[in-house]
$ cat coords10.txt   # compact mmCIF, C-alpha atoms
# COMPACT_ATOMS: atom_id res chain seq x y z
CA MET A 1 8.16 -2.64 19.44
CA VAL A 2 9.62 0.40 17.74
CA ASP A 3 7.30 1.93 15.20
CA ASN A 4 8.67 2.61 11.78
CA LEU A 5 8.55 6.08 10.31
CA GLU A 6 5.24 5.62 8.51
CA THR A 7 3.46 4.21 11.56
CA ARG A 8 4.66 7.13 13.66
CA LEU A 9 3.52 9.62 11.04
CA VAL A 10 0.12 7.94 10.80
CA LYS A 11 -0.30 8.20 14.57
CA LEU A 12 0.60 11.88 14.54
CA ALA A 13 -1.70 12.56 11.60
CA LEU A 14 -4.55 10.85 13.42
CA LYS A 15 -4.00 13.25 16.29
CA GLY A 16 -4.57 16.08 13.84
CA ASP A 17 -0.96 16.88 12.95
CA GLN A 18 -1.23 18.10 9.35
CA ARG A 19 2.51 18.30 8.92
CA ALA A 20 2.83 14.60 9.65
CA PHE A 21 0.38 13.86 6.86
CA ALA A 22 2.27 16.20 4.51
CA GLU A 23 5.34 14.15 5.37
CA ILE A 24 3.54 10.97 4.28
CA VAL A 25 2.54 12.67 1.03
CA ASP A 26 6.16 13.67 0.41
CA LEU A 27 7.36 10.13 1.04
CA TYR A 28 4.99 8.50 -1.43
CA LYS A 29 3.77 11.01 -4.01
CA ASP A 30 6.51 10.26 -6.55
CA ARG A 31 6.14 6.51 -6.30
CA ILE A 32 2.38 6.67 -6.68
CA PHE A 33 2.70 9.13 -9.55
CA HIS A 34 5.14 6.94 -11.47
CA LEU A 35 2.97 3.92 -10.90
CA ALA A 36 -0.14 5.72 -12.14
CA TYR A 37 1.69 7.42 -14.98
CA ARG A 38 3.05 4.15 -16.30
CA MET A 39 -0.39 2.57 -16.00
CA LEU A 40 -2.27 5.41 -17.65
CA SER A 41 0.33 7.11 -19.89
CA ASN A 42 -1.27 10.40 -19.10
CA ARG A 43 0.15 12.96 -16.78
CA HIS A 44 -3.09 14.66 -15.88
CA GLU A 45 -4.86 11.43 -15.02
CA ALA A 46 -1.85 10.20 -13.08
CA GLU A 47 -1.90 13.33 -10.94
CA ASP A 48 -5.61 12.84 -10.34
CA VAL A 49 -4.86 9.33 -9.13
CA VAL A 50 -2.17 10.67 -6.80
CA GLN A 51 -4.60 13.16 -5.26
CA GLU A 52 -7.36 10.59 -4.95
CA THR A 53 -4.99 8.08 -3.38
CA PHE A 54 -3.94 10.48 -0.63
CA LEU A 55 -7.48 11.60 -0.04
CA ARG A 56 -8.48 7.97 0.51
CA VAL A 57 -5.49 7.35 2.71
CA TYR A 58 -6.45 10.38 4.78
CA ARG A 59 -10.07 9.38 5.11
CA ASN A 60 -9.17 5.85 6.10
CA LEU A 61 -6.17 6.52 8.30
CA ASP A 62 -7.96 5.17 11.35
CA ARG A 63 -8.46 1.90 9.52
CA TYR A 64 -4.81 1.45 8.67
CA ASP A 65 -3.53 -1.72 10.32
CA PRO A 66 0.01 -1.08 11.65
CA GLY A 67 0.64 -4.82 11.33
CA GLN A 68 0.66 -4.33 7.55
CA LYS A 69 3.38 -2.46 5.69
CA PHE A 70 2.24 1.08 4.92
CA SER A 71 3.68 0.86 1.42
CA THR A 72 1.57 -2.22 0.66
CA TRP A 73 -1.54 -0.40 1.79
CA ILE A 74 -0.94 2.75 -0.23
CA TYR A 75 0.18 0.82 -3.33
CA ARG A 76 -3.04 -1.17 -3.15
CA ILE A 77 -5.09 2.02 -3.14
CA GLY A 78 -3.07 3.61 -5.95
CA THR A 79 -3.11 0.45 -8.05
CA ASN A 80 -6.84 -0.05 -7.68
CA LEU A 81 -7.58 3.55 -8.61
CA SER A 82 -5.37 3.26 -11.70
CA ILE A 83 -6.99 -0.03 -12.75
CA ASP A 84 -10.45 1.48 -12.30
CA ARG A 85 -9.53 4.26 -14.70
CA LEU A 86 -8.04 1.86 -17.22
CA ARG A 87 -11.18 -0.24 -17.18
CA LYS A 88 -13.37 2.77 -17.84
CA ARG A 89 -11.45 3.55 -21.01
CA LYS A 90 -12.07 2.08 -24.37
CA PRO A 91 -9.39 -0.48 -25.19
CA THR A 92 -7.22 1.94 -27.12
CA TYR A 93 -5.19 3.35 -24.28
CA SER A 94 -1.87 3.27 -26.06
CA LEU A 95 -3.26 5.82 -28.52
CA ASP A 96 -3.98 8.19 -25.66
CA ALA A 97 -0.36 8.23 -24.61
CA GLU A 98 1.20 11.63 -24.49
CA ILE A 99 3.58 11.95 -27.37
CA GLY A 100 7.16 12.85 -26.65
CA ASP A 101 7.28 11.97 -22.99
CA GLN A 102 10.11 9.58 -23.57
CA ASP A 103 12.32 12.32 -24.97
CA GLY A 104 15.22 13.11 -22.77
CA ALA A 105 14.53 10.10 -20.59
CA ASP A 106 17.72 8.62 -19.30
CA GLY A 107 17.75 4.86 -19.47
CA TYR A 108 21.51 4.80 -19.41
CA ALA A 109 21.89 2.43 -16.52
CA LEU A 110 23.33 -0.26 -18.79
CA ILE A 111 26.25 1.68 -20.15
CA PRO A 112 28.77 3.76 -18.20
CA GLY A 113 28.73 7.44 -19.17
CA ASP A 114 32.14 7.57 -20.78
CA ASN A 115 31.31 4.85 -23.27
CA ARG A 116 28.19 6.46 -24.63
CA THR A 117 28.18 7.20 -28.30
CA PRO A 118 25.29 8.70 -30.23
CA GLU A 119 24.57 5.18 -31.49
CA THR A 120 24.30 3.63 -28.04
CA GLU A 121 22.24 6.56 -26.82
CA TYR A 122 19.91 6.04 -29.72
CA MET A 123 19.73 2.31 -29.08
CA ILE A 124 18.95 2.81 -25.41
CA SER A 125 16.23 5.33 -26.03
CA GLU A 126 14.75 3.08 -28.73
CA THR A 127 14.72 0.13 -26.36
CA ARG A 128 13.19 2.19 -23.64
CA THR A 129 10.46 3.36 -25.96
CA THR A 130 9.83 -0.19 -27.19
CA ILE A 131 9.54 -1.43 -23.63
CA HIS A 132 7.19 1.32 -22.57
CA GLU A 133 5.03 0.78 -25.65
CA ALA A 134 5.01 -2.96 -25.09
CA ILE A 135 3.99 -2.49 -21.46
CA ASP A 136 1.24 -0.14 -22.62
CA ASP A 137 -0.05 -2.85 -24.94
CA LEU A 138 -0.38 -5.44 -22.19
CA PRO A 139 -3.86 -6.20 -20.88
CA PRO A 140 -4.37 -4.47 -17.49
CA LYS A 141 -3.85 -7.57 -15.38
CA TYR A 142 -0.37 -8.14 -16.82
CA LYS A 143 0.42 -4.47 -17.03
CA THR A 144 -0.20 -3.92 -13.33
CA VAL A 145 2.09 -6.77 -12.33
CA MET A 146 4.89 -5.74 -14.70
CA ILE A 147 4.79 -2.15 -13.50
CA LEU A 148 4.87 -3.12 -9.85
CA ARG A 149 7.74 -5.52 -10.53
CA TYR A 150 9.96 -3.46 -12.83
CA LEU A 151 9.04 0.13 -12.21
CA GLN A 152 8.41 -0.04 -8.49
CA GLU A 153 10.76 -2.99 -8.02
CA LEU A 154 8.46 -4.78 -5.60
CA SER A 155 9.15 -8.42 -4.81
CA LEU A 156 6.73 -11.10 -6.01
CA GLN A 157 5.52 -11.49 -2.43
CA GLU A 158 4.91 -7.74 -2.08
CA ILE A 159 2.96 -7.68 -5.34
CA SER A 160 0.88 -10.57 -4.08
CA ASP A 161 0.15 -8.55 -0.90
CA VAL A 162 -0.72 -5.39 -2.84
CA LEU A 163 -3.04 -7.16 -5.29
CA ASP A 164 -4.30 -9.64 -2.73
CA MET A 165 -3.67 -12.56 -5.06
CA PRO A 166 -1.67 -15.77 -4.60
CA VAL A 167 2.02 -15.44 -5.34
CA THR A 168 1.70 -18.27 -7.90
CA THR A 169 -0.69 -16.11 -9.93
CA ILE A 170 1.74 -13.20 -9.78
CA LYS A 171 4.58 -15.44 -10.97
CA THR A 172 2.58 -16.71 -13.93
CA ARG A 173 1.79 -13.15 -14.95
CA VAL A 174 5.40 -12.00 -14.63
CA HIS A 175 6.52 -14.98 -16.72
CA ARG A 176 3.99 -14.30 -19.46
CA GLY A 177 4.68 -10.59 -19.40
CA ARG A 178 8.40 -11.24 -19.67
CA GLU A 179 7.90 -13.57 -22.66
CA PHE A 180 5.71 -10.97 -24.32
CA LEU A 181 8.38 -8.32 -23.84
CA ARG A 182 11.12 -10.63 -25.07
CA LYS A 183 9.23 -11.19 -28.31
CA LYS A 184 8.68 -7.47 -28.75
CA LEU A 185 12.36 -6.73 -28.24
CA GLU A 186 13.35 -9.47 -30.68
CA SER A 187 11.07 -8.14 -33.38
CA GLN A 188 12.59 -4.70 -32.84
CA ASN A 189 16.09 -6.05 -33.38
CA HIS A 190 15.30 -7.84 -36.61
CA MET B 1 14.66 -32.27 -19.35
CA GLU B 2 12.17 -31.07 -21.92
CA CYS B 3 12.60 -27.58 -23.35
CA LYS B 4 9.22 -26.51 -22.00
CA GLN B 5 10.30 -27.39 -18.48
CA ALA B 6 13.58 -25.57 -19.06
CA VAL B 7 11.76 -22.37 -19.99
CA SER B 8 9.71 -22.55 -16.83
CA PHE B 9 12.94 -23.01 -14.81
CA MET B 10 14.50 -20.02 -16.59
CA HIS B 11 11.70 -17.77 -15.36
CA ASP B 12 11.97 -19.11 -11.84
CA TYR B 13 15.69 -18.48 -12.02
CA LEU B 14 15.12 -14.86 -13.06
CA ASP B 15 12.63 -14.49 -10.21
CA GLY B 16 15.40 -15.57 -7.88
CA ASP B 17 13.65 -18.67 -6.68
CA LEU B 18 14.95 -21.68 -8.51
CA PRO B 19 16.27 -24.23 -5.98
CA SER B 20 19.92 -25.17 -6.55
CA GLU B 21 19.10 -28.74 -7.54
CA GLN B 22 16.85 -27.50 -10.37
CA ALA B 23 19.40 -24.85 -11.26
CA ARG B 24 21.92 -27.62 -11.90
CA GLU B 25 19.40 -29.49 -14.06
CA LEU B 26 18.76 -26.32 -16.01
CA LYS B 27 22.44 -25.70 -16.50
CA SER B 28 23.07 -29.17 -17.85
CA HIS B 29 20.12 -28.77 -20.22
CA LEU B 30 21.47 -25.42 -21.43
CA ASP B 31 24.88 -26.97 -22.01
CA ASN B 32 23.27 -29.35 -24.47
CA CYS B 33 20.52 -27.30 -26.06
CA PHE B 34 21.50 -24.46 -28.32
CA GLU B 35 17.94 -23.16 -28.70
CA CYS B 36 17.33 -22.93 -24.97
CA ARG B 37 20.71 -21.32 -24.42
CA ALA B 38 19.81 -18.59 -26.91
CA ALA B 39 16.34 -18.21 -25.38
CA PHE B 40 17.86 -17.89 -21.92
CA ARG B 41 20.27 -15.20 -23.04
CA ARG B 42 17.42 -13.21 -24.58
CA LEU B 43 15.33 -13.57 -21.48
CA GLU B 44 18.18 -12.34 -19.32
CA GLU B 45 18.63 -9.37 -21.63
CA THR B 46 14.91 -8.62 -21.48
CA GLU B 47 15.00 -8.72 -17.70
CA MET B 48 17.95 -6.33 -17.62
CA MET B 49 16.32 -3.99 -20.14
CA LEU B 50 13.10 -3.97 -18.16
CA PHE B 51 14.83 -2.86 -15.00
CA ALA B 52 17.03 -0.39 -16.88
CA ALA B 53 14.26 1.15 -18.96
CA ASN B 54 12.19 1.76 -15.90
CA ARG B 55 14.84 3.14 -13.60
CA LYS B 56 13.39 5.62 -11.18
CA SER B 57 14.85 8.55 -13.11
CA GLU B 58 11.63 9.02 -15.00
CA ALA B 59 11.41 11.81 -17.53
CA VAL B 60 8.15 13.02 -16.11
CA SER B 61 7.69 13.84 -12.49
CA VAL B 62 4.82 14.91 -10.35
CA SER B 63 4.12 18.66 -10.12
CA ASP B 64 6.18 20.51 -7.55
CA ASP B 65 3.14 21.83 -5.78
CA MET B 66 1.49 18.41 -5.43
CA THR B 67 1.94 18.20 -1.66
CA ASP B 68 0.41 21.65 -1.16
CA ARG B 69 -2.44 20.78 -3.50
CA ILE B 70 -3.23 17.59 -1.64
CA MET B 71 -3.01 19.29 1.75
CA SER B 72 -5.46 21.95 0.60
CA PHE B 73 -7.95 19.32 -0.55
CA LEU B 74 -8.05 17.49 2.73
CA PRO B 75 -11.17 17.63 4.85
CA GLN B 76 -10.89 19.11 8.33
CA PRO B 77 -8.45 17.34 10.67
CA LYS B 78 -9.81 14.14 12.11
CA LYS B 79 -10.67 13.95 15.76
CA HIS B 80 -8.17 12.22 17.99
CA ASN B 81 -8.80 8.48 17.94
CA PRO B 82 -8.35 6.95 21.40
CA ALA B 83 -7.78 3.47 19.96
CA TRP B 84 -4.30 4.55 18.95
CA ASN B 85 -2.96 5.16 22.41
$ encode --input "coords10.txt" --output "structure tokens"
Amino acid sequence: MVDNLETRLVKLALKGDQRAFAEIVDLYKDRIFHLAYRMLSNRHEAEDVVQETFLRVYRNLDRYDPGQKFSTWIYRIGTNLSIDRLRKRKPTYSLDAEIGDQDGADGYALIPGDNRTPETEYMISETRTTIHEAIDDLPPKYKTVMILRYLQELSLQEISDVLDMPVTTIKTRVHRGREFLRKKLESQNH
Amino acid sequence: MECKQAVSFMHDYLDGDLPSEQARELKSHLDNCFECRAAFRRLEETEMMLFAANRKSEAVSVSDDMTDRIMSFLPQPKKHNPAWN
């Protein structure tokens, strides 16, 4: 069987090849950062989670099971570390959010560049902000699932692997999360 | 079909796993139910917005020196593990 890139890098890293591990870090640092940042709404904490995730990965490399997708393994570590931090907070996390981080964000995927007017740009950035705020307001168990689904674009099955929960549970949470977001968007438009 | 059932089918449809038989049932319900048709359109929009708002082009990104920082934190290289050969 041909090893995939991650499995090969893990093997090399286990033999003491530091560059191979740096390669793993490069492959995943952005994804783990965005996951943690969306969970925690705080850049500093998100970077802490990234560092802690890779430290754990490094310490437990010899326990990585090549039969499992590497991404599932590292997402599980990053997700659990983010949830731990969320749980330690008082339930006012949306207030901790860094102000202004949504400025300059480009959520333009819906509208081709040439058709953008100041109005549509405004509408898109408003919607984006509403969605991020609404996701922030979700209880952690919904928040995690929605972030993995829509930010990381994992499949329902992958989310079930990462969180080690039945896929039916994941579906229920996506459905409820989606309804919650729909209501938020409707109230914004009225 | 009851509206409650239709809503549950809508979500399965958006998840990409509504069997074609049920998809036909849903469609015929939507053809006859204005409320559900409107709800379905809003759900589809929400789904699209969710993916669009969270596109990978995030405004914030991890610090440029993150890889170096992590590499400097690591404990000494692990000993070669024979189980991997």
$ closest_residue --input "coords10.txt" --among "A:Arg8, A:Arg182, A:Arg176, A:His44" --to "chain B" --atoms "all atoms listed in the file"
A:Arg182
$ atom_distance --input "coords10.txt" --atom1 "CA of His132 (chain A)" --atom2 "CA of Lys69 (chain A)"
28.8 Å
$ closest_residue --input "coords10.txt" --among "B:Met10, B:Asp64, B:Ala23, B:Arg69" --to "Glu44 (chain B)" --atoms "all atoms listed in the file"
B:Met10
$ atom_distance --input "coords10.txt" --atom1 "CA of Asp17 (chain B)" --atom2 "CA of Glu47 (chain B)"
14.9 Å
$ residues_around --input "coords10.txt" --residues "region 16-23 of chain A" --least-positions-apart "5" --cutoff "12 Å" --atoms "all atoms listed in the file" --output "ChimeraX atom specification"
/A:5-11,28-29,54-55,57-59,61-62 /B:65-81
$ closest_residue --input "coords10.txt" --among "A:Leu156, A:Leu86, A:Leu81, A:Val49" --to "chain B" --atoms "only C-alpha atoms"
A:Leu156
$ residues_around --input "coords10.txt" --residues "Thr168 (chain A)" --least-positions-apart "5" --cutoff "10 Å" --atoms "all atoms listed in the file" --output "NGL selection string"
:A and (156-157 or 160 or 173-174)
$ atom_distance --input "coords10.txt" --atom1 "CA of Phe9 (chain B)" --atom2 "CA of Glu25 (chain B)"
9.2 Å
$ residues_near_point --input "coords10.txt" --point "(5.7, -6.4, -22.3)" --cutoff "6 Å" --atoms "all atoms listed in the file" --output "PyMOL selection string"
chain A and resi 134-135+177+180-181
$ residues_around --input "coords10.txt" --residues "region 169-171 of chain A" --least-positions-apart "2" --cutoff "12 Å" --atoms "all atoms listed in the file" --output "JSON, numbers by chain"
{"A": [141, 142, 143, 144, 145, 146, 148, 149, 154, 155, 156, 157, 158, 159, 160, 161, 162, 163, 164, 165, 166, 167, 173, 174, 175, 176, 177, 178], "B": [8, 9, 11, 12, 13, 14, 15, 16, 17]}
$ closest_residue --input "coords10.txt" --among "B:Cys36, B:Met1, B:His29, B:Val7" --to "chain A" --atoms "all atoms listed in the file"
B:Val7
$ residues_around --input "coords10.txt" --residues "Tyr37 (chain A)" --least-positions-apart "4" --cutoff "10 Å" --atoms "all atoms listed in the file" --output "ChimeraX atom specification"
/A:31-33,41-47,49-50,82,97 /B:60-62
$ closest_residue --input "coords10.txt" --among "A:Arg56, A:Arg89, A:Arg38, A:Arg128" --to "chain B" --atoms "all atoms listed in the file"
A:Arg128
$ decode --input "coords10.txt" --residues "region 21-74 of chain B" --atoms "C-alpha atoms" --output "PDB file, in the first residue's frame"
ATOM      1  CA  GLU B  21     -38.008   8.476  -3.576  1.00  0.00           C
ATOM      2  CA  GLN B  22     -38.261  10.873  -0.620  1.00  0.00           C
ATOM      3  CA  ALA B  23     -36.973  13.710  -2.773  1.00  0.00           C
ATOM      4  CA  ARG B  24     -39.959  13.186  -5.073  1.00  0.00           C
ATOM      5  CA  GLU B  25     -42.328  13.199  -2.090  1.00  0.00           C
ATOM      6  CA  LEU B  26     -40.744  16.405  -0.871  1.00  0.00           C
ATOM      7  CA  LYS B  27     -41.057  18.015  -4.266  1.00  0.00           C
ATOM      8  CA  SER B  28     -44.727  17.207  -4.567  1.00  0.00           C
ATOM      9  CA  HIS B  29     -45.300  18.588  -1.074  1.00  0.00           C
ATOM     10  CA  LEU B  30     -43.453  21.792  -1.969  1.00  0.00           C
ATOM     11  CA  ASP B  31     -45.539  22.149  -5.115  1.00  0.00           C
ATOM     12  CA  ASN B  32     -48.626  22.304  -2.939  1.00  0.00           C
ATOM     13  CA  CYS B  33     -47.454  24.090   0.179  1.00  0.00           C
ATOM     14  CA  PHE B  34     -46.546  27.735  -0.086  1.00  0.00           C
ATOM     15  CA  GLU B  35     -45.182  27.945   3.465  1.00  0.00           C
ATOM     16  CA  CYS B  36     -42.813  25.024   3.031  1.00  0.00           C
ATOM     17  CA  ARG B  37     -41.684  26.327  -0.334  1.00  0.00           C
ATOM     18  CA  ALA B  38     -40.729  29.636   1.262  1.00  0.00           C
ATOM     19  CA  ALA B  39     -39.052  27.850   4.185  1.00  0.00           C
ATOM     20  CA  PHE B  40     -37.075  25.698   1.779  1.00  0.00           C
ATOM     21  CA  ARG B  41     -35.861  28.697  -0.180  1.00  0.00           C
ATOM     22  CA  ARG B  42     -34.694  30.384   3.020  1.00  0.00           C
ATOM     23  CA  LEU B  43     -32.936  27.260   4.172  1.00  0.00           C
ATOM     24  CA  GLU B  44     -31.138  26.958   0.859  1.00  0.00           C
ATOM     25  CA  GLU B  45     -30.082  30.589   1.120  1.00  0.00           C
ATOM     26  CA  THR B  46     -28.851  30.034   4.667  1.00  0.00           C
ATOM     27  CA  GLU B  47     -26.821  27.049   3.533  1.00  0.00           C
ATOM     28  CA  MET B  48     -25.255  29.069   0.728  1.00  0.00           C
ATOM     29  CA  MET B  49     -24.530  32.011   3.028  1.00  0.00           C
ATOM     30  CA  LEU B  50     -22.939  29.717   5.582  1.00  0.00           C
ATOM     31  CA  PHE B  51     -20.504  28.306   3.070  1.00  0.00           C
ATOM     32  CA  ALA B  52     -19.873  31.717   1.514  1.00  0.00           C
ATOM     33  CA  ALA B  53     -19.382  33.583   4.783  1.00  0.00           C
ATOM     34  CA  ASN B  54     -16.865  31.061   5.945  1.00  0.00           C
ATOM     35  CA  ARG B  55     -14.829  30.693   2.783  1.00  0.00           C
ATOM     36  CA  LYS B  56     -11.239  29.905   3.556  1.00  0.00           C
ATOM     37  CA  SER B  57     -10.153  33.450   2.743  1.00  0.00           C
ATOM     38  CA  GLU B  58     -10.363  34.443   6.370  1.00  0.00           C
ATOM     39  CA  ALA B  59      -9.483  37.985   7.326  1.00  0.00           C
ATOM     40  CA  VAL B  60      -7.226  36.808  10.090  1.00  0.00           C
ATOM     41  CA  SER B  61      -4.461  34.352   9.556  1.00  0.00           C
ATOM     42  CA  VAL B  62      -1.973  32.628  11.748  1.00  0.00           C
ATOM     43  CA  SER B  63       1.313  34.461  12.428  1.00  0.00           C
ATOM     44  CA  ASP B  64       3.968  34.011   9.770  1.00  0.00           C
ATOM     45  CA  ASP B  65       6.476  32.684  12.233  1.00  0.00           C
ATOM     46  CA  MET B  66       4.128  30.041  13.652  1.00  0.00           C
ATOM     47  CA  THR B  67       6.010  27.079  12.180  1.00  0.00           C
ATOM     48  CA  ASP B  68       9.320  28.336  13.583  1.00  0.00           C
ATOM     49  CA  ARG B  69       7.715  28.988  16.946  1.00  0.00           C
ATOM     50  CA  ILE B  70       6.275  25.497  17.133  1.00  0.00           C
ATOM     51  CA  MET B  71       9.532  23.897  16.022  1.00  0.00           C
ATOM     52  CA  SER B  72      11.412  25.759  18.743  1.00  0.00           C
ATOM     53  CA  PHE B  73       8.979  24.548  21.400  1.00  0.00           C
ATOM     54  CA  LEU B  74       9.347  20.898  20.559  1.00  0.00           C
TER      55      LEU B  74
END
